[in-house]
file upload-v3.cif (mmCIF, C-alpha atoms)
data_final
loop_
_atom_site.group_PDB
_atom_site.id
_atom_site.type_symbol
_atom_site.label_atom_id
_atom_site.label_comp_id
_atom_site.auth_asym_id
_atom_site.auth_seq_id
_atom_site.Cartn_x
_atom_site.Cartn_y
_atom_site.Cartn_z
ATOM 1 C CA MET C 1 -59.143 75.778 -4.193
ATOM 2 C CA LEU C 2 -62.447 74.478 -2.876
ATOM 3 C CA THR C 3 -64.770 77.290 -1.877
ATOM 4 C CA GLN C 4 -67.748 77.131 0.416
ATOM 5 C CA LEU C 5 -71.255 77.822 -0.791
ATOM 6 C CA PRO C 6 -73.258 80.625 0.772
ATOM 7 C CA GLU C 7 -75.833 79.632 3.350
ATOM 8 C CA THR C 8 -79.471 80.637 3.002
ATOM 9 C CA HIS C 9 -79.128 83.600 5.370
ATOM 10 C CA GLN C 10 -76.134 84.886 3.377
ATOM 11 C CA ILE C 11 -78.157 84.723 0.175
ATOM 12 C CA ASP C 12 -80.980 86.581 1.909
ATOM 13 C CA GLU C 13 -78.521 89.243 3.098
ATOM 14 C CA LEU C 14 -77.507 90.017 -0.477
ATOM 15 C CA LEU C 15 -81.085 89.865 -1.721
ATOM 16 C CA SER C 16 -82.085 92.537 0.801
ATOM 17 C CA PHE C 17 -80.202 95.034 -1.400
ATOM 18 C CA LEU C 18 -82.289 94.359 -4.505
ATOM 19 C CA PRO C 19 -85.016 96.933 -3.721
ATOM 20 C CA LEU C 20 -82.337 99.468 -2.733
ATOM 21 C CA PHE C 21 -80.411 99.091 -5.985
ATOM 22 C CA ASP C 22 -83.232 98.483 -8.464
ATOM 23 C CA VAL C 23 -84.248 102.146 -8.483
ATOM 24 C CA PRO C 24 -84.382 104.079 -11.771
ATOM 25 C CA ASP C 25 -81.795 106.868 -12.031
ATOM 26 C CA ARG C 26 -80.293 106.092 -8.634
ATOM 27 C CA THR C 27 -76.781 107.389 -8.141
ATOM 28 C CA PHE C 28 -74.319 105.096 -6.419
ATOM 29 C CA VAL C 29 -71.572 107.615 -5.645
ATOM 30 C CA GLU C 30 -72.220 110.319 -3.054
ATOM 31 C CA ARG C 31 -69.366 112.418 -4.389
ATOM 32 C CA TRP C 32 -65.885 112.212 -5.792
ATOM 33 C CA ALA C 33 -63.005 113.245 -3.519
ATOM 34 C CA GLY C 34 -59.362 113.893 -4.282
ATOM 35 C CA GLY C 35 -58.105 115.377 -7.492
ATOM 36 C CA GLU C 36 -56.675 118.393 -5.715
ATOM 37 C CA GLU C 37 -53.121 119.550 -5.388
ATOM 38 C CA THR C 38 -51.629 119.079 -1.922
ATOM 39 C CA ALA C 39 -49.377 121.577 -0.150
ATOM 40 C CA SER C 40 -46.343 119.614 -1.381
ATOM 41 C CA GLY C 41 -47.507 119.946 -4.995
ATOM 42 C CA ALA C 42 -48.659 116.348 -5.394
ATOM 43 C CA ILE C 43 -52.016 115.786 -7.042
ATOM 44 C CA THR C 44 -54.201 113.082 -5.547
ATOM 45 C CA MET C 45 -56.231 110.895 -7.850
ATOM 46 C CA PRO C 46 -60.021 111.266 -7.630
ATOM 47 C CA PHE C 47 -61.838 108.485 -5.796
ATOM 48 C CA PRO C 48 -65.529 107.814 -5.104
ATOM 49 C CA ILE C 49 -67.241 108.195 -1.753
ATOM 50 C CA TYR C 50 -69.912 105.489 -1.713
ATOM 51 C CA PRO C 51 -73.181 105.513 0.250
ATOM 52 C CA GLU C 52 -73.357 103.210 3.252
ATOM 53 C CA ASP C 53 -75.621 100.645 1.550
ATOM 54 C CA VAL C 54 -73.185 100.269 -1.350
ATOM 55 C CA LEU C 55 -70.268 99.775 1.044
ATOM 56 C CA ARG C 56 -72.236 97.221 3.047
ATOM 57 C CA PHE C 57 -73.288 95.282 -0.051
ATOM 58 C CA TYR C 58 -69.741 94.967 -1.327
ATOM 59 C CA GLN C 59 -68.520 94.051 2.154
ATOM 60 C CA LEU C 60 -71.029 91.182 2.262
ATOM 61 C CA ALA C 61 -70.383 90.191 -1.366
ATOM 62 C CA GLY C 62 -66.675 89.995 -0.541
ATOM 63 C CA GLN C 63 -67.148 87.326 2.123
ATOM 64 C CA PRO C 64 -65.408 83.981 1.535
ATOM 65 C CA CYS C 65 -68.709 82.239 0.743
ATOM 66 C CA TRP C 66 -69.167 84.579 -2.258
ATOM 67 C CA SER C 67 -65.555 84.491 -3.425
ATOM 68 C CA ASP C 68 -64.311 82.386 -6.319
ATOM 69 C CA TYR C 69 -60.607 82.130 -5.579
ATOM 70 C CA ASP C 70 -59.918 80.516 -8.949
ATOM 71 C CA TYR C 71 -61.753 83.063 -11.100
ATOM 72 C CA GLU C 72 -60.167 84.521 -14.204
ATOM 73 C CA PRO C 73 -60.990 88.240 -14.492
ATOM 74 C CA ARG C 74 -61.269 88.182 -18.306
ATOM 75 C CA VAL C 75 -63.602 85.184 -18.218
ATOM 76 C CA ALA C 76 -65.749 86.746 -15.479
ATOM 77 C CA ALA C 77 -65.986 90.037 -17.415
ATOM 78 C CA GLN C 78 -67.070 88.129 -20.503
ATOM 79 C CA MET C 79 -69.705 86.296 -18.452
ATOM 80 C CA LEU C 80 -71.101 89.623 -17.250
ATOM 81 C CA ARG C 81 -71.520 90.794 -20.847
ATOM 82 C CA ASP C 82 -73.748 87.792 -21.609
ATOM 83 C CA GLU C 83 -77.293 88.593 -20.437
ATOM 84 C CA ALA C 84 -78.530 85.072 -21.241
ATOM 85 C CA LEU C 85 -75.770 83.563 -19.130
ATOM 86 C CA ILE C 86 -76.638 85.817 -16.198
ATOM 87 C CA HIS C 87 -80.321 84.938 -16.598
ATOM 88 C CA ASN C 88 -79.495 81.218 -16.352
ATOM 89 C CA ALA C 89 -76.430 81.378 -14.098
ATOM 90 C CA THR C 90 -75.665 78.750 -11.500
ATOM 91 C CA LEU C 91 -74.719 79.731 -7.975
ATOM 92 C CA ALA C 92 -71.074 79.016 -8.825
ATOM 93 C CA GLN C 93 -71.259 81.329 -11.848
ATOM 94 C CA ILE C 94 -72.859 84.063 -9.727
ATOM 95 C CA LYS C 95 -69.959 83.726 -7.285
ATOM 96 C CA THR C 96 -67.476 84.123 -10.148
ATOM 97 C CA MET C 97 -69.193 87.243 -11.458
ATOM 98 C CA LEU C 98 -69.599 88.731 -7.965
ATOM 99 C CA THR C 99 -65.895 88.164 -7.333
ATOM 100 C CA TYR C 100 -65.130 90.220 -10.435
ATOM 101 C CA CYS C 101 -67.533 92.942 -9.320
ATOM 102 C CA VAL C 102 -66.041 93.122 -5.825
ATOM 103 C CA ARG C 103 -62.360 92.951 -6.751
ATOM 104 C CA GLY C 104 -62.538 95.380 -9.656
ATOM 105 C CA GLU C 105 -62.496 98.399 -7.359
ATOM 106 C CA ARG C 106 -58.902 97.528 -6.428
ATOM 107 C CA PHE C 107 -57.835 98.184 -9.986
ATOM 108 C CA GLY C 108 -60.075 101.074 -10.951
ATOM 109 C CA ASP C 109 -61.775 103.610 -8.713
ATOM 110 C CA GLY C 110 -65.483 103.714 -9.480
ATOM 111 C CA HIS C 111 -65.746 100.088 -10.645
ATOM 112 C CA TRP C 112 -68.378 99.342 -7.990
ATOM 113 C CA ALA C 113 -70.524 102.200 -9.258
ATOM 114 C CA VAL C 114 -70.158 101.038 -12.867
ATOM 115 C CA MET C 115 -71.329 97.533 -11.915
ATOM 116 C CA LEU C 116 -74.367 99.021 -10.168
ATOM 117 C CA GLU C 117 -75.198 101.686 -12.763
ATOM 118 C CA SER C 118 -74.931 99.197 -15.616
ATOM 119 C CA GLY C 119 -77.529 96.959 -13.957
ATOM 120 C CA LYS C 120 -75.128 94.014 -13.620
ATOM 121 C CA ILE C 121 -75.533 93.766 -9.848
ATOM 122 C CA VAL C 122 -79.328 93.963 -10.085
ATOM 123 C CA ALA C 123 -79.303 91.259 -12.785
ATOM 124 C CA LEU C 124 -77.153 89.007 -10.596
ATOM 125 C CA LEU C 125 -79.441 89.609 -7.616
ATOM 126 C CA GLU C 126 -82.518 88.870 -9.724
ATOM 127 C CA ARG C 127 -81.002 85.547 -10.764
ATOM 128 C CA LEU C 128 -79.993 84.846 -7.169
ATOM 129 C CA ARG C 129 -83.590 85.513 -6.119
ATOM 130 C CA VAL C 130 -84.821 82.880 -8.582
ATOM 131 C CA LEU C 131 -82.283 80.364 -7.293
ATOM 132 C CA ARG C 132 -83.291 81.155 -3.720
ATOM 133 C CA GLU C 133 -86.945 80.535 -4.514
ATOM 134 C CA GLN C 134 -86.004 77.121 -5.899
ATOM 135 C CA MET C 135 -84.281 76.084 -2.672
#

call {"tool": "encode", "arguments": {"input": "upload-v3.cif", "output": "structure tokens"}}
result
Amino acid sequence: MLTQLPETHQIDELLSFLPLFDVPDRTFVERWAGGEETASGAITMPFPIYPEDVLRFYQLAGQPCWSDYDYEPRVAAQMLRDEALIHNATLAQIKTMLTYCVRGERFGDGHWAVMLESGKIVALLERLRVLREQM
């Protein structure tokens, strides 16, 4: 499937989160909810409550212009483990890695926080900033 490239203003939207996320010891989960027994005896699984800026970032990063509809999750995860690749990533590779970061929350609560706390999102944004400066 052919995907569209992000426009300059969409790149700038994501880059506006860099100073918000590149903060030492920042927490990216306000609190964890769930995990309690309901009146019927069912136990709900814990899930994160994210701050508004985290929700907004992932909403923007989930737009079609940032989505790689042909990505392979295992390949994207491997890409994210390679710091040199991230440092030299193309816009298409950034889209692939962002797709993994965005979609991972569907399969594991807290994935968004892990991507932020590990510095992967900041590293992707730093590379995106370099690409933006070259435009």

call {"tool": "atom_distance", "arguments": {"input": "upload-v3.cif", "atom1": "CA of Ile86 (chain C)", "atom2": "CA of Asp109 (chain C)"}}
result
24.4 Å

call {"tool": "atom_distance", "arguments": {"input": "upload-v3.cif", "atom1": "CA of Gln4 (chain C)", "atom2": "CA of Glu117 (chain C)"}}
result
28.8 Å

call {"tool": "closest_residue", "arguments": {"input": "upload-v3.cif", "among": "C:Tyr50, C:Tyr100, C:Phe57, C:Trp112", "to": "Tyr71 (chain C)", "atoms": "all atoms listed in the file"}}
result
C:Tyr100

call {"tool": "closest_residue", "arguments": {"input": "upload-v3.cif", "among": "C:Ala77, C:Leu124, C:Glu36, C:Pro24", "to": "Gly104 (chain C)", "atoms": "all atoms listed in the file"}}
result
C:Ala77

call {"tool": "resolve_selection", "arguments": {"input": "upload-v3.cif", "expression": "the PyMOL selection byres ((chain C and resi 80) around 12)", "output": "PyMOL selection string"}}
result
chain C and resi 73-79+81-89+93-101+115+118-124

call {"tool": "axis_aligned_box", "arguments": {"input": "upload-v3.cif", "around": "region 96-100 of chain C", "padding_each_side": "6 Å", "output": "AutoDock Vina command-line options"}}
result
--center_x -67.4 --center_y 87.2 --center_z -9.4 --size_x 16.5 --size_y 18.1 --size_z 16.1

call {"tool": "resolve_selection", "arguments": {"input": "upload-v3.cif", "expression": "the PyMOL selection byres ((chain C and resi 48) around 7)", "output": "tab-separated table (two decimals) with C-alpha atoms, keeping the file's coordinate frame"}}
result
chain	number	residue	atom	x	y	z
C	29	VAL	CA	-71.57	107.62	-5.64
C	31	ARG	CA	-69.37	112.42	-4.39
C	32	TRP	CA	-65.89	112.21	-5.79
C	33	ALA	CA	-63.00	113.24	-3.52
C	46	PRO	CA	-60.02	111.27	-7.63
C	47	PHE	CA	-61.84	108.48	-5.80
C	49	ILE	CA	-67.24	108.20	-1.75
C	50	TYR	CA	-69.91	105.49	-1.71
C	109	ASP	CA	-61.78	103.61	-8.71
C	110	GLY	CA	-65.48	103.71	-9.48

call {"tool": "residues_around", "arguments": {"input": "upload-v3.cif", "residues": "Arg26 (chain C)", "least_positions_apart": "4", "cutoff": "12 Å", "atoms": "only C-alpha atoms", "output": "list in words"}}
result
Pro19, Leu20, Phe21, Asp22, Glu30, Pro51, Val54, Ala113, Leu116, Glu117, Ser118 and Gly119 of chain C

call {"tool": "build_atoms", "arguments": {"input": "upload-v3.cif", "residues": "region 64-75 of chain C", "atoms": "all heavy atoms", "output": "PDB file, in the coordinates of the input"}}
result
ATOM      1  N   PRO C  64     -65.930  85.214   2.147  1.00  0.00           N
ATOM      2  CA  PRO C  64     -65.408  83.981   1.535  1.00  0.00           C
ATOM      3  C   PRO C  64     -66.466  83.128   0.839  1.00  0.00           C
ATOM      4  O   PRO C  64     -66.187  82.541  -0.212  1.00  0.00           O
ATOM      5  CB  PRO C  64     -64.789  83.231   2.717  1.00  0.00           C
ATOM      6  CG  PRO C  64     -64.386  84.315   3.666  1.00  0.00           C
ATOM      7  CD  PRO C  64     -65.465  85.370   3.532  1.00  0.00           C
ATOM      8  N   CYS C  65     -67.679  83.081   1.362  1.00  0.00           N
ATOM      9  CA  CYS C  65     -68.709  82.239   0.743  1.00  0.00           C
ATOM     10  C   CYS C  65     -69.120  82.748  -0.635  1.00  0.00           C
ATOM     11  O   CYS C  65     -69.689  82.002  -1.427  1.00  0.00           O
ATOM     12  CB  CYS C  65     -69.933  82.123   1.645  1.00  0.00           C
ATOM     13  SG  CYS C  65     -70.851  83.664   1.847  1.00  0.00           S
ATOM     14  N   TRP C  66     -68.835  84.009  -0.950  1.00  0.00           N
ATOM     15  CA  TRP C  66     -69.167  84.579  -2.258  1.00  0.00           C
ATOM     16  C   TRP C  66     -67.941  84.701  -3.159  1.00  0.00           C
ATOM     17  O   TRP C  66     -68.049  85.183  -4.285  1.00  0.00           O
ATOM     18  CB  TRP C  66     -69.819  85.952  -2.099  1.00  0.00           C
ATOM     19  CG  TRP C  66     -71.182  85.878  -1.497  1.00  0.00           C
ATOM     20  CD1 TRP C  66     -71.553  86.304  -0.253  1.00  0.00           C
ATOM     21  CD2 TRP C  66     -72.357  85.327  -2.094  1.00  0.00           C
ATOM     22  NE1 TRP C  66     -72.881  86.050  -0.051  1.00  0.00           N
ATOM     23  CE2 TRP C  66     -73.410  85.447  -1.160  1.00  0.00           C
ATOM     24  CE3 TRP C  66     -72.627  84.741  -3.333  1.00  0.00           C
ATOM     25  CZ2 TRP C  66     -74.696  85.007  -1.423  1.00  0.00           C
ATOM     26  CZ3 TRP C  66     -73.916  84.293  -3.593  1.00  0.00           C
ATOM     27  CH2 TRP C  66     -74.929  84.438  -2.638  1.00  0.00           C
ATOM     28  N   SER C  67     -66.796  84.308  -2.674  1.00  0.00           N
ATOM     29  CA  SER C  67     -65.555  84.491  -3.425  1.00  0.00           C
ATOM     30  C   SER C  67     -65.186  83.241  -4.211  1.00  0.00           C
ATOM     31  O   SER C  67     -65.211  82.134  -3.678  1.00  0.00           O
ATOM     32  CB  SER C  67     -64.409  84.848  -2.467  1.00  0.00           C
ATOM     33  OG  SER C  67     -64.663  86.086  -1.846  1.00  0.00           O
ATOM     34  N   ASP C  68     -64.831  83.443  -5.463  1.00  0.00           N
ATOM     35  CA  ASP C  68     -64.311  82.386  -6.319  1.00  0.00           C
ATOM     36  C   ASP C  68     -62.812  82.631  -6.426  1.00  0.00           C
ATOM     37  O   ASP C  68     -62.370  83.494  -7.182  1.00  0.00           O
ATOM     38  CB  ASP C  68     -64.975  82.437  -7.696  1.00  0.00           C
ATOM     39  CG  ASP C  68     -64.409  81.422  -8.667  1.00  0.00           C
ATOM     40  OD1 ASP C  68     -63.453  80.700  -8.303  1.00  0.00           O
ATOM     41  OD2 ASP C  68     -64.914  81.360  -9.800  1.00  0.00           O
ATOM     42  N   TYR C  69     -62.045  81.894  -5.652  1.00  0.00           N
ATOM     43  CA  TYR C  69     -60.607  82.130  -5.579  1.00  0.00           C
ATOM     44  C   TYR C  69     -59.864  81.693  -6.843  1.00  0.00           C
ATOM     45  O   TYR C  69     -58.706  82.030  -7.014  1.00  0.00           O
ATOM     46  CB  TYR C  69     -60.032  81.441  -4.337  1.00  0.00           C
ATOM     47  CG  TYR C  69     -60.592  82.026  -3.066  1.00  0.00           C
ATOM     48  CD1 TYR C  69     -61.556  81.341  -2.334  1.00  0.00           C
ATOM     49  CD2 TYR C  69     -60.185  83.272  -2.619  1.00  0.00           C
ATOM     50  CE1 TYR C  69     -62.089  81.882  -1.170  1.00  0.00           C
ATOM     51  CE2 TYR C  69     -60.714  83.826  -1.460  1.00  0.00           C
ATOM     52  CZ  TYR C  69     -61.667  83.125  -0.743  1.00  0.00           C
ATOM     53  OH  TYR C  69     -62.188  83.679   0.392  1.00  0.00           O
ATOM     54  N   ASP C  70     -60.535  80.973  -7.709  1.00  0.00           N
ATOM     55  CA  ASP C  70     -59.918  80.516  -8.949  1.00  0.00           C
ATOM     56  C   ASP C  70     -60.430  81.275 -10.176  1.00  0.00           C
ATOM     57  O   ASP C  70     -60.159  80.875 -11.301  1.00  0.00           O
ATOM     58  CB  ASP C  70     -60.182  79.012  -9.139  1.00  0.00           C
ATOM     59  CG  ASP C  70     -59.519  78.173  -8.064  1.00  0.00           C
ATOM     60  OD1 ASP C  70     -58.396  78.528  -7.652  1.00  0.00           O
ATOM     61  OD2 ASP C  70     -60.119  77.175  -7.629  1.00  0.00           O
ATOM     62  N   TYR C  71     -61.154  82.361  -9.968  1.00  0.00           N
ATOM     63  CA  TYR C  71     -61.753  83.063 -11.100  1.00  0.00           C
ATOM     64  C   TYR C  71     -60.680  83.699 -11.981  1.00  0.00           C
ATOM     65  O   TYR C  71     -59.591  84.049 -11.522  1.00  0.00           O
ATOM     66  CB  TYR C  71     -62.761  84.100 -10.607  1.00  0.00           C
ATOM     67  CG  TYR C  71     -62.217  85.500 -10.429  1.00  0.00           C
ATOM     68  CD1 TYR C  71     -62.642  86.533 -11.247  1.00  0.00           C
ATOM     69  CD2 TYR C  71     -61.277  85.794  -9.444  1.00  0.00           C
ATOM     70  CE1 TYR C  71     -62.152  87.820 -11.097  1.00  0.00           C
ATOM     71  CE2 TYR C  71     -60.779  87.064  -9.284  1.00  0.00           C
ATOM     72  CZ  TYR C  71     -61.211  88.078 -10.117  1.00  0.00           C
ATOM     73  OH  TYR C  71     -60.717  89.337  -9.968  1.00  0.00           O
ATOM     74  N   GLU C  72     -61.013  83.820 -13.234  1.00  0.00           N
ATOM     75  CA  GLU C  72     -60.167  84.521 -14.204  1.00  0.00           C
ATOM     76  C   GLU C  72     -60.890  85.816 -14.544  1.00  0.00           C
ATOM     77  O   GLU C  72     -62.014  85.774 -15.071  1.00  0.00           O
ATOM     78  CB  GLU C  72     -59.975  83.677 -15.462  1.00  0.00           C
ATOM     79  CG  GLU C  72     -59.222  82.380 -15.233  1.00  0.00           C
ATOM     80  CD  GLU C  72     -57.747  82.605 -14.982  1.00  0.00           C
ATOM     81  OE1 GLU C  72     -57.203  83.633 -15.452  1.00  0.00           O
ATOM     82  OE2 GLU C  72     -57.143  81.761 -14.305  1.00  0.00           O
ATOM     83  N   PRO C  73     -60.297  86.969 -14.262  1.00  0.00           N
ATOM     84  CA  PRO C  73     -60.990  88.240 -14.492  1.00  0.00           C
ATOM     85  C   PRO C  73     -61.547  88.405 -15.907  1.00  0.00           C
ATOM     86  O   PRO C  73     -62.673  88.863 -16.075  1.00  0.00           O
ATOM     87  CB  PRO C  73     -59.922  89.293 -14.186  1.00  0.00           C
ATOM     88  CG  PRO C  73     -59.016  88.616 -13.218  1.00  0.00           C
ATOM     89  CD  PRO C  73     -58.986  87.170 -13.644  1.00  0.00           C
ATOM     90  N   ARG C  74     -60.780  88.019 -16.929  1.00  0.00           N
ATOM     91  CA  ARG C  74     -61.269  88.182 -18.306  1.00  0.00           C
ATOM     92  C   ARG C  74     -62.488  87.307 -18.569  1.00  0.00           C
ATOM     93  O   ARG C  74     -63.422  87.722 -19.253  1.00  0.00           O
ATOM     94  CB  ARG C  74     -60.165  87.870 -19.312  1.00  0.00           C
ATOM     95  CG  ARG C  74     -59.271  89.074 -19.551  1.00  0.00           C
ATOM     96  CD  ARG C  74     -58.272  88.811 -20.651  1.00  0.00           C
ATOM     97  NE  ARG C  74     -56.994  88.615 -19.968  1.00  0.00           N
ATOM     98  CZ  ARG C  74     -56.066  87.765 -20.322  1.00  0.00           C
ATOM     99  NH1 ARG C  74     -56.206  87.025 -21.381  1.00  0.00           N
ATOM    100  NH2 ARG C  74     -54.959  87.680 -19.639  1.00  0.00           N
ATOM    101  N   VAL C  75     -62.467  86.098 -18.041  1.00  0.00           N
ATOM    102  CA  VAL C  75     -63.602  85.184 -18.218  1.00  0.00           C
ATOM    103  C   VAL C  75     -64.824  85.724 -17.493  1.00  0.00           C
ATOM    104  O   VAL C  75     -65.936  85.734 -18.030  1.00  0.00           O
ATOM    105  CB  VAL C  75     -63.242  83.766 -17.729  1.00  0.00           C
ATOM    106  CG1 VAL C  75     -64.461  82.858 -17.738  1.00  0.00           C
ATOM    107  CG2 VAL C  75     -62.117  83.183 -18.568  1.00  0.00           C
TER     108      VAL C  75
END
